Amino acid sequence: MKSTLKKLLPFAVVGVISGATTVGAIQYFGHGSNNGDQSYFTTAAPTASFAGMNTGAVGDDFVKAAKTTVPAVVTIKNYQSRTSSRASEQDLFDFFFGDPFGGRGQQRQKQQAPENMPSGMGSGVIISPDGYIISNNHVVAGANKLEVVLSNKKSYIATLVGTDPNTDISLLKIEEKGLPYLNFANSDNIDVGQWVLAVGNPLGLNSTVTAGIVSAKGRGIGILGSQGKASNPIESFIQTDAAINPGNSGGALVNTNGELIGINSAIQSTTGYYQGYGFAVPSNLARKIVEDIKKFGIVQRGFLGVSSLDLSNDQQVQAYNKQYKTTIKSGSGVYVTGFGDNSGAEDAGLKKGDIITKIDNYDITDFADLSMSIGSKRPGDKVQVTYSRNGKEATTSVTLRDQKGGTSTRTKADLSVTEKIGAEFDPLNERFKTEYGLNSGVVTKNVSEGGEMAKIGIVDNYIIIEVNGKPVNSQKDIESILSKYQGNVQVKFVDDYGRMYTKGFKMP
């Protein structure tokens, strides 16, 4: 049975956007919401001024920031079962740390990690004294066991509290008290040119500190959506020239006060190693995701309800004009091309052809700005949308909704069966059943990283034959079996090599 997983493409012409997760040892290598728990949130102090490049002052600040940060940054080891290790080979682990050949068709030899060795290693940041740790989604993806090692070498088995592929953020928990931790700074306050430190465990080298500046803000680099796991990616990265390498994923980007301004996530490289460009999830967005997971068990995502065109992207504008025979001009802002069902924006009076220029008085120059401004809000939040129509500016209040049109927050108890188990299903065609001798089956799709199906090694395009001993031929069959069910679930499935497994999980 041939694999139908899609091959990943390099980013643009510059090279591969690669994540900083170490596979093996060294061989492999915005706008925040004010809702939620503020316990560990602080406002960043103004950036220090270093007149005449007083290197002594800079060095002193770096030393203080490093002493604060290093004890709060941990190593995360990702252990996977043999059936789930194929998922890591072909999705985020491989995509984020980079194809050293820049997608030019050459392939590296894959080696499966032994059962007692981690399939990958990354970093994490302790954000509370009772053991909550923030990291990247791609650091924990596919794991059946997560080991956390502190800077003092003490080791713990972590619980995965929740993940969000749309921002590449995950939240873990270890059972300990009195831990060193970092405060979240307000990432809206950072400036281009500001000194920052990146702290993590690159290339298997624990507790490594590098320094640089914020070289850009609000970068949308297309990495989260292009690897297929993020249905509605939010990208507004902090770009830094502080050295970030494989193993830094999930580590801390801090200001000179040692406050957390970002979670290091990816690099842009033609080799898979540092070439001057690193990217971090802004702390305001990361904090909002963490608060949602802790409070609701799931991420609360507000939507404006528009389809749009990024006017700052000349290539996209030209392609749109050619396809729809229009004469839209490139520039600043986001052009409304249409509306989804139950759109809050349409109900508030926006029309196709409007150009969104501000959200809550924050300038919207491109889609990354819009994504960050809206994606960091929750359903039911109101935002002031300023737009241009026929050269005239107007502002309207929009109530954000979830993807189903609701304006209320939800908990895990409100989720559908497919949302709870983290997968959707298509019927298996009769010809395929006959060819492979199957009497039943559905094909998996949209398998969520960190979901129950992913945890037992199931990825997109696997075939589910039975659930709890009952044959399944449609998504409705699975929903009927698992609706209101709260026990252990047994899943009989076939991978894309034709191997059959029966594995289980506890229904959330």
# chains A, B, ... in the order shown; residues from 1 in each chain; ligands from 1
>>> select_by_dssp(residues="region 165-378 of chain A", states="strand (DSSP E)", output="PyMOL selection string")
chain A and resi 169-173+195-200+208-219+237-240+252-254+260-269+278-282+306-310+334-339+355-359+362-363
>>> residues_around(residues="Ser231 (chain A)", least_positions_apart="3", cutoff="9 Å", atoms="only C-alpha atoms", output="list in words")
Pro165, Asn166, Leu224, Gly225, Gly228 and Asn446 of chain A
>>> residues_around(residues="region 240-249 of chain A", least_positions_apart="3", cutoff="7 Å", atoms="only C-alpha atoms", output="PyMOL selection string")
chain A and resi 19-22+29+97+121-123+136+139+197-198+200-204+210-216+264-267+273-274+276-279
>>> write_last_selection(atoms="C-alpha atoms", output="tab-separated table (two decimals), in the first residue's frame")
chain	number	residue	atom	x	y	z
A	19	GLY	CA	12.37	24.20	13.01
A	20	ALA	CA	14.90	23.90	15.72
A	21	THR	CA	14.24	20.44	17.05
A	22	THR	CA	17.18	18.10	17.49
A	29	PHE	CA	20.13	17.67	14.00
A	97	PHE	CA	14.68	21.29	11.37
A	121	MET	CA	14.75	16.58	21.54
A	122	GLY	CA	13.82	20.23	21.97
A	123	SER	CA	13.52	22.86	24.65
A	136	ASN	CA	6.41	24.12	20.62
A	139	VAL	CA	8.62	19.39	19.87
A	197	LEU	CA	18.99	36.45	24.16
A	198	ALA	CA	17.99	33.02	22.87
A	200	GLY	CA	17.87	26.55	24.73
A	201	ASN	CA	19.58	23.25	24.04
A	202	PRO	CA	20.84	23.36	20.44
A	203	LEU	CA	22.56	20.34	18.88
A	204	GLY	CA	22.48	18.51	22.20
A	210	THR	CA	23.19	33.35	22.31
A	211	ALA	CA	22.67	37.09	21.83
A	212	GLY	CA	21.40	39.28	19.02
A	213	ILE	CA	18.76	41.85	18.21
A	214	VAL	CA	15.14	41.87	17.15
A	215	SER	CA	15.63	42.19	13.41
A	216	ALA	CA	11.94	42.35	12.44
A	264	ASN	CA	11.88	30.13	19.64
A	265	SER	CA	10.34	28.03	16.89
A	266	ALA	CA	12.08	28.03	13.52
A	267	ILE	CA	15.00	29.14	11.39
A	273	TYR	CA	21.45	25.13	10.52
A	274	TYR	CA	21.70	28.75	11.61
A	276	GLY	CA	21.23	34.43	10.51
A	277	TYR	CA	17.43	34.22	10.67
A	278	GLY	CA	15.45	32.83	13.59
A	279	PHE	CA	11.76	33.16	14.43
>>> residues_around(residues="region 126-133 of chain A", least_positions_apart="2", cutoff="7 Å", atoms="only C-alpha atoms", output="ChimeraX atom specification")
/A:72-73,124,135,171-183
>>> select_by_dssp(residues="region 125-363 of chain A", states="helix (DSSP H, G or I)", output="ChimeraX atom specification")
/A:137-140,187-189,202-204,223-226,283-296,314-324,344-347
>>> write_last_selection(atoms="N, CA and C atoms", output="short mmCIF file (atom, residue, chain, number, x, y, z; two decimals), in the first residue's frame")
data_model
loop_
_atom_site.label_atom_id
_atom_site.label_comp_id
_atom_site.auth_asym_id
_atom_site.auth_seq_id
_atom_site.Cartn_x
_atom_site.Cartn_y
_atom_site.Cartn_z
N ASN A 137 4.54 22.95 19.63
CA ASN A 137 3.77 21.79 19.26
C ASN A 137 4.65 20.76 18.56
N HIS A 138 5.55 21.22 17.68
CA HIS A 138 6.34 20.24 16.92
C HIS A 138 7.39 19.54 17.77
N VAL A 139 7.69 20.07 18.95
CA VAL A 139 8.62 19.39 19.87
C VAL A 139 7.96 18.16 20.49
N VAL A 140 6.66 18.23 20.75
CA VAL A 140 5.96 17.15 21.44
C VAL A 140 5.15 16.27 20.50
N SER A 187 5.00 41.51 24.57
CA SER A 187 5.73 41.50 23.30
C SER A 187 5.34 42.66 22.40
N ASP A 188 4.22 43.33 22.68
CA ASP A 188 3.87 44.52 21.91
C ASP A 188 4.88 45.65 22.14
N ASN A 189 5.58 45.60 23.26
CA ASN A 189 6.49 46.68 23.63
C ASN A 189 7.89 46.55 23.06
N PRO A 202 20.59 23.67 21.85
CA PRO A 202 20.84 23.36 20.44
C PRO A 202 21.87 22.25 20.25
N LEU A 203 21.60 21.36 19.27
CA LEU A 203 22.56 20.34 18.88
C LEU A 203 23.02 19.49 20.06
N GLY A 204 22.14 19.31 21.05
CA GLY A 204 22.48 18.51 22.20
C GLY A 204 23.34 19.22 23.23
N ILE A 223 5.18 28.78 7.34
CA ILE A 223 5.63 27.45 7.74
C ILE A 223 4.52 26.60 8.35
N LEU A 224 3.61 27.20 9.12
CA LEU A 224 2.63 26.41 9.86
C LEU A 224 1.57 25.82 8.94
N GLY A 225 1.09 26.61 7.98
CA GLY A 225 0.07 26.10 7.08
C GLY A 225 0.62 25.15 6.04
N SER A 226 1.86 25.34 5.62
CA SER A 226 2.40 24.55 4.52
C SER A 226 2.68 23.11 4.88
N SER A 283 5.33 36.50 22.84
CA SER A 283 4.87 36.08 24.16
C SER A 283 3.39 36.36 24.39
N ASN A 284 2.87 37.45 23.85
CA ASN A 284 1.45 37.75 24.06
C ASN A 284 0.56 36.66 23.48
N LEU A 285 0.91 36.18 22.29
CA LEU A 285 0.13 35.11 21.66
C LEU A 285 0.34 33.80 22.42
N ALA A 286 1.58 33.48 22.76
CA ALA A 286 1.87 32.25 23.49
C ALA A 286 1.14 32.22 24.82
N ARG A 287 1.13 33.36 25.52
CA ARG A 287 0.46 33.43 26.82
C ARG A 287 -1.04 33.19 26.69
N LYS A 288 -1.63 33.75 25.66
CA LYS A 288 -3.06 33.57 25.45
C LYS A 288 -3.40 32.10 25.21
N ILE A 289 -2.58 31.41 24.42
CA ILE A 289 -2.80 29.99 24.16
C ILE A 289 -2.70 29.19 25.45
N VAL A 290 -1.69 29.47 26.25
CA VAL A 290 -1.50 28.78 27.52
C VAL A 290 -2.68 29.01 28.45
N GLU A 291 -3.13 30.23 28.54
CA GLU A 291 -4.28 30.55 29.41
C GLU A 291 -5.52 29.79 28.97
N ASP A 292 -5.75 29.72 27.65
CA ASP A 292 -6.91 28.98 27.14
C ASP A 292 -6.83 27.51 27.53
N ILE A 293 -5.67 26.90 27.31
CA ILE A 293 -5.51 25.48 27.59
C ILE A 293 -5.71 25.20 29.08
N LYS A 294 -5.17 26.06 29.94
CA LYS A 294 -5.30 25.85 31.37
C LYS A 294 -6.75 26.05 31.84
N LYS A 295 -7.42 27.04 31.30
CA LYS A 295 -8.75 27.39 31.78
C LYS A 295 -9.85 26.56 31.15
N PHE A 296 -9.73 26.29 29.84
CA PHE A 296 -10.83 25.64 29.11
C PHE A 296 -10.47 24.23 28.63
N ASP A 314 2.76 41.51 -3.44
CA ASP A 314 2.53 41.87 -4.84
C ASP A 314 2.27 40.65 -5.70
N GLN A 315 2.94 39.55 -5.42
CA GLN A 315 2.76 38.33 -6.20
C GLN A 315 1.34 37.79 -6.06
N GLN A 316 0.83 37.79 -4.84
CA GLN A 316 -0.53 37.33 -4.62
C GLN A 316 -1.55 38.24 -5.30
N VAL A 317 -1.30 39.54 -5.22
CA VAL A 317 -2.22 40.50 -5.84
C VAL A 317 -2.27 40.30 -7.35
N GLN A 318 -1.11 40.13 -7.95
CA GLN A 318 -1.07 39.91 -9.40
C GLN A 318 -1.79 38.63 -9.79
N ALA A 319 -1.59 37.58 -9.01
CA ALA A 319 -2.26 36.30 -9.29
C ALA A 319 -3.77 36.44 -9.15
N TYR A 320 -4.22 37.18 -8.13
CA TYR A 320 -5.65 37.39 -7.92
C TYR A 320 -6.24 38.19 -9.09
N ASN A 321 -5.54 39.24 -9.50
CA ASN A 321 -6.02 40.05 -10.62
C ASN A 321 -6.14 39.22 -11.89
N LYS A 322 -5.17 38.36 -12.12
CA LYS A 322 -5.19 37.53 -13.33
C LYS A 322 -6.34 36.54 -13.29
N GLN A 323 -6.55 35.92 -12.11
CA GLN A 323 -7.60 34.91 -12.00
C GLN A 323 -9.00 35.51 -12.10
N TYR A 324 -9.21 36.67 -11.47
CA TYR A 324 -10.55 37.25 -11.41
C TYR A 324 -10.72 38.46 -12.31
N GLY A 344 -19.33 37.54 11.44
CA GLY A 344 -19.52 38.72 12.27
C GLY A 344 -19.19 39.99 11.51
N ALA A 345 -18.17 39.93 10.65
CA ALA A 345 -17.77 41.11 9.88
C ALA A 345 -18.87 41.53 8.90
N GLU A 346 -19.47 40.56 8.23
CA GLU A 346 -20.54 40.89 7.29
C GLU A 346 -21.75 41.46 8.02
N ASP A 347 -22.09 40.87 9.17
CA ASP A 347 -23.21 41.38 9.95
C ASP A 347 -22.95 42.80 10.45
#
>>> atom_distance(atom1="CA of Gln486 (chain A)", atom2="CA of Met507 (chain A)")
5.3 Å
>>> atom_distance(atom1="CA of Ser307 (chain A)", atom2="CA of Thr365 (chain A)")
16.1 Å
>>> closest_residue(among="A:Gln80, A:Ser269, A:Lys506, A:Gln475", to="Asn488 (chain A)", atoms="only C-alpha atoms")
A:Lys506
>>> atom_distance(atom1="CA of Glu235 (chain A)", atom2="CA of Gly120 (chain A)")
23.9 Å
>>> residues_around(residues="Glu419 (chain A)", least_positions_apart="5", cutoff="10 Å", atoms="only C-alpha atoms", output="ChimeraX atom specification")
/A:412,414,424,447-448,451-452
>>> write_last_selection(atoms="N, CA and C atoms", output="PDB file, in the first residue's frame")
ATOM      1  N   LYS A 412     -13.854  21.168  26.874  1.00  0.00           N
ATOM      2  CA  LYS A 412     -13.743  19.859  26.236  1.00  0.00           C
ATOM      3  C   LYS A 412     -15.071  19.122  26.209  1.00  0.00           C
ATOM      4  N   ASP A 414     -17.869  20.252  25.555  1.00  0.00           N
ATOM      5  CA  ASP A 414     -18.706  20.745  24.463  1.00  0.00           C
ATOM      6  C   ASP A 414     -18.249  20.245  23.095  1.00  0.00           C
ATOM      7  N   GLU A 424     -10.833  13.222  11.694  1.00  0.00           N
ATOM      8  CA  GLU A 424     -12.057  13.093  10.918  1.00  0.00           C
ATOM      9  C   GLU A 424     -11.896  11.904   9.984  1.00  0.00           C
ATOM     10  N   VAL A 447      -5.900  14.596  11.086  1.00  0.00           N
ATOM     11  CA  VAL A 447      -5.481  14.062  12.385  1.00  0.00           C
ATOM     12  C   VAL A 447      -4.706  15.151  13.126  1.00  0.00           C
ATOM     13  N   SER A 448      -5.157  15.486  14.313  1.00  0.00           N
ATOM     14  CA  SER A 448      -4.591  16.597  15.079  1.00  0.00           C
ATOM     15  C   SER A 448      -3.365  16.143  15.870  1.00  0.00           C
ATOM     16  N   GLY A 451      -3.658  14.853  19.527  1.00  0.00           N
ATOM     17  CA  GLY A 451      -4.959  14.225  19.711  1.00  0.00           C
ATOM     18  C   GLY A 451      -4.826  12.754  20.054  1.00  0.00           C
ATOM     19  N   GLU A 452      -5.923  12.132  20.481  1.00  0.00           N
ATOM     20  CA  GLU A 452      -5.885  10.743  20.928  1.00  0.00           C
ATOM     21  C   GLU A 452      -5.482   9.804  19.795  1.00  0.00           C
TER      22      GLU A 452
END
>>> closest_residue(among="A:Ile238, A:Leu304, A:Val199, A:Val281", to="Thr407 (chain A)", atoms="only C-alpha atoms")
A:Leu304
>>> closest_residue(among="A:Gly251, A:Gly498, A:Gly340, A:Gly218", to="Ser373 (chain A)", atoms="only C-alpha atoms")
A:Gly218
>>> closest_residue(among="A:Asp426, A:Asp460, A:Asp61, A:Asp354", to="Thr386 (chain A)", atoms="only C-alpha atoms")
A:Asp354
>>> residues_around(residues="Glu147 (chain A)", least_positions_apart="5", cutoff="6 Å", atoms="only C-alpha atoms", output="list in words")
Ile76, Lys77, Tyr156, Ile157 and Ala158 of chain A
>>> write_last_selection(atoms="C-alpha atoms", output="PDB file, in the first residue's frame")
ATOM      1  CA  ILE A  76      12.321  17.967  26.362  1.00  0.00           C
ATOM      2  CA  LYS A  77      12.857  14.427  25.089  1.00  0.00           C
ATOM      3  CA  TYR A 156      10.659  14.180  35.210  1.00  0.00           C
ATOM      4  CA  ILE A 157       8.005  12.497  33.080  1.00  0.00           C
ATOM      5  CA  ALA A 158       5.695  15.261  31.856  1.00  0.00           C
TER       6      ALA A 158
END
>>> residues_around(residues="Met372 (chain A)", least_positions_apart="2", cutoff="9 Å", atoms="only C-alpha atoms", output="PyMOL selection string")
chain A and resi 30-32+218+234-236+285+367-370+374-377
>>> write_last_selection(atoms="N, CA, C and O atoms", output="compact mmCIF listing (two decimals), in the first residue's frame")
# COMPACT_ATOMS: atom_id res chain seq x y z
N GLY A 30 1.69 42.03 17.12
CA GLY A 30 0.85 41.21 17.80
C GLY A 30 0.04 41.92 18.89
O GLY A 30 0.40 42.79 19.60
N HIS A 31 -0.83 41.11 18.97
CA HIS A 31 -1.65 41.83 19.98
C HIS A 31 -2.29 40.82 20.90
O HIS A 31 -3.11 40.04 20.49
N GLY A 32 -1.95 40.89 22.17
CA GLY A 32 -2.47 39.92 23.12
C GLY A 32 -3.78 40.35 23.73
O GLY A 32 -4.10 41.52 23.84
N GLY A 218 6.38 40.79 13.30
CA GLY A 218 5.22 40.50 12.48
C GLY A 218 5.53 39.72 11.22
O GLY A 218 4.88 39.91 10.20
N ILE A 234 -1.70 31.01 12.73
CA ILE A 234 -1.44 32.39 13.11
C ILE A 234 0.07 32.58 13.08
O ILE A 234 0.79 31.98 13.87
N GLU A 235 0.54 33.39 12.17
CA GLU A 235 1.97 33.66 12.05
C GLU A 235 2.22 35.15 12.12
O GLU A 235 1.79 35.90 11.25
N SER A 236 2.90 35.56 13.16
CA SER A 236 3.36 36.94 13.29
C SER A 236 4.63 36.91 14.12
O SER A 236 4.72 37.48 15.20
N LEU A 285 0.91 36.18 22.29
CA LEU A 285 0.13 35.11 21.66
C LEU A 285 0.34 33.80 22.42
O LEU A 285 -0.62 33.08 22.70
N PHE A 367 -1.33 40.52 6.12
CA PHE A 367 -2.16 39.47 6.72
C PHE A 367 -1.62 39.02 8.07
O PHE A 367 -2.38 38.62 8.95
N ALA A 368 -0.29 39.05 8.27
CA ALA A 368 0.28 38.65 9.56
C ALA A 368 -0.25 39.55 10.68
O ALA A 368 -0.56 39.07 11.77
N ASP A 369 -0.38 40.86 10.41
CA ASP A 369 -0.93 41.78 11.40
C ASP A 369 -2.38 41.41 11.73
O ASP A 369 -2.78 41.39 12.90
N LEU A 370 -3.16 41.14 10.69
CA LEU A 370 -4.57 40.79 10.90
C LEU A 370 -4.70 39.47 11.64
O LEU A 370 -5.51 39.34 12.58
N ILE A 374 -6.55 39.33 15.40
CA ILE A 374 -7.80 38.60 15.58
C ILE A 374 -7.57 37.27 16.26
O ILE A 374 -8.33 36.85 17.14
N GLY A 375 -6.48 36.58 15.90
CA GLY A 375 -6.23 35.25 16.44
C GLY A 375 -5.93 35.23 17.91
O GLY A 375 -6.02 34.19 18.55
N SER A 376 -5.55 36.36 18.47
CA SER A 376 -5.27 36.42 19.91
C SER A 376 -6.52 36.79 20.71
O SER A 376 -6.43 37.04 21.91
N LYS A 377 -7.68 36.82 20.05
CA LYS A 377 -8.95 37.11 20.72
C LYS A 377 -9.78 35.84 20.83
O LYS A 377 -9.51 34.83 20.19
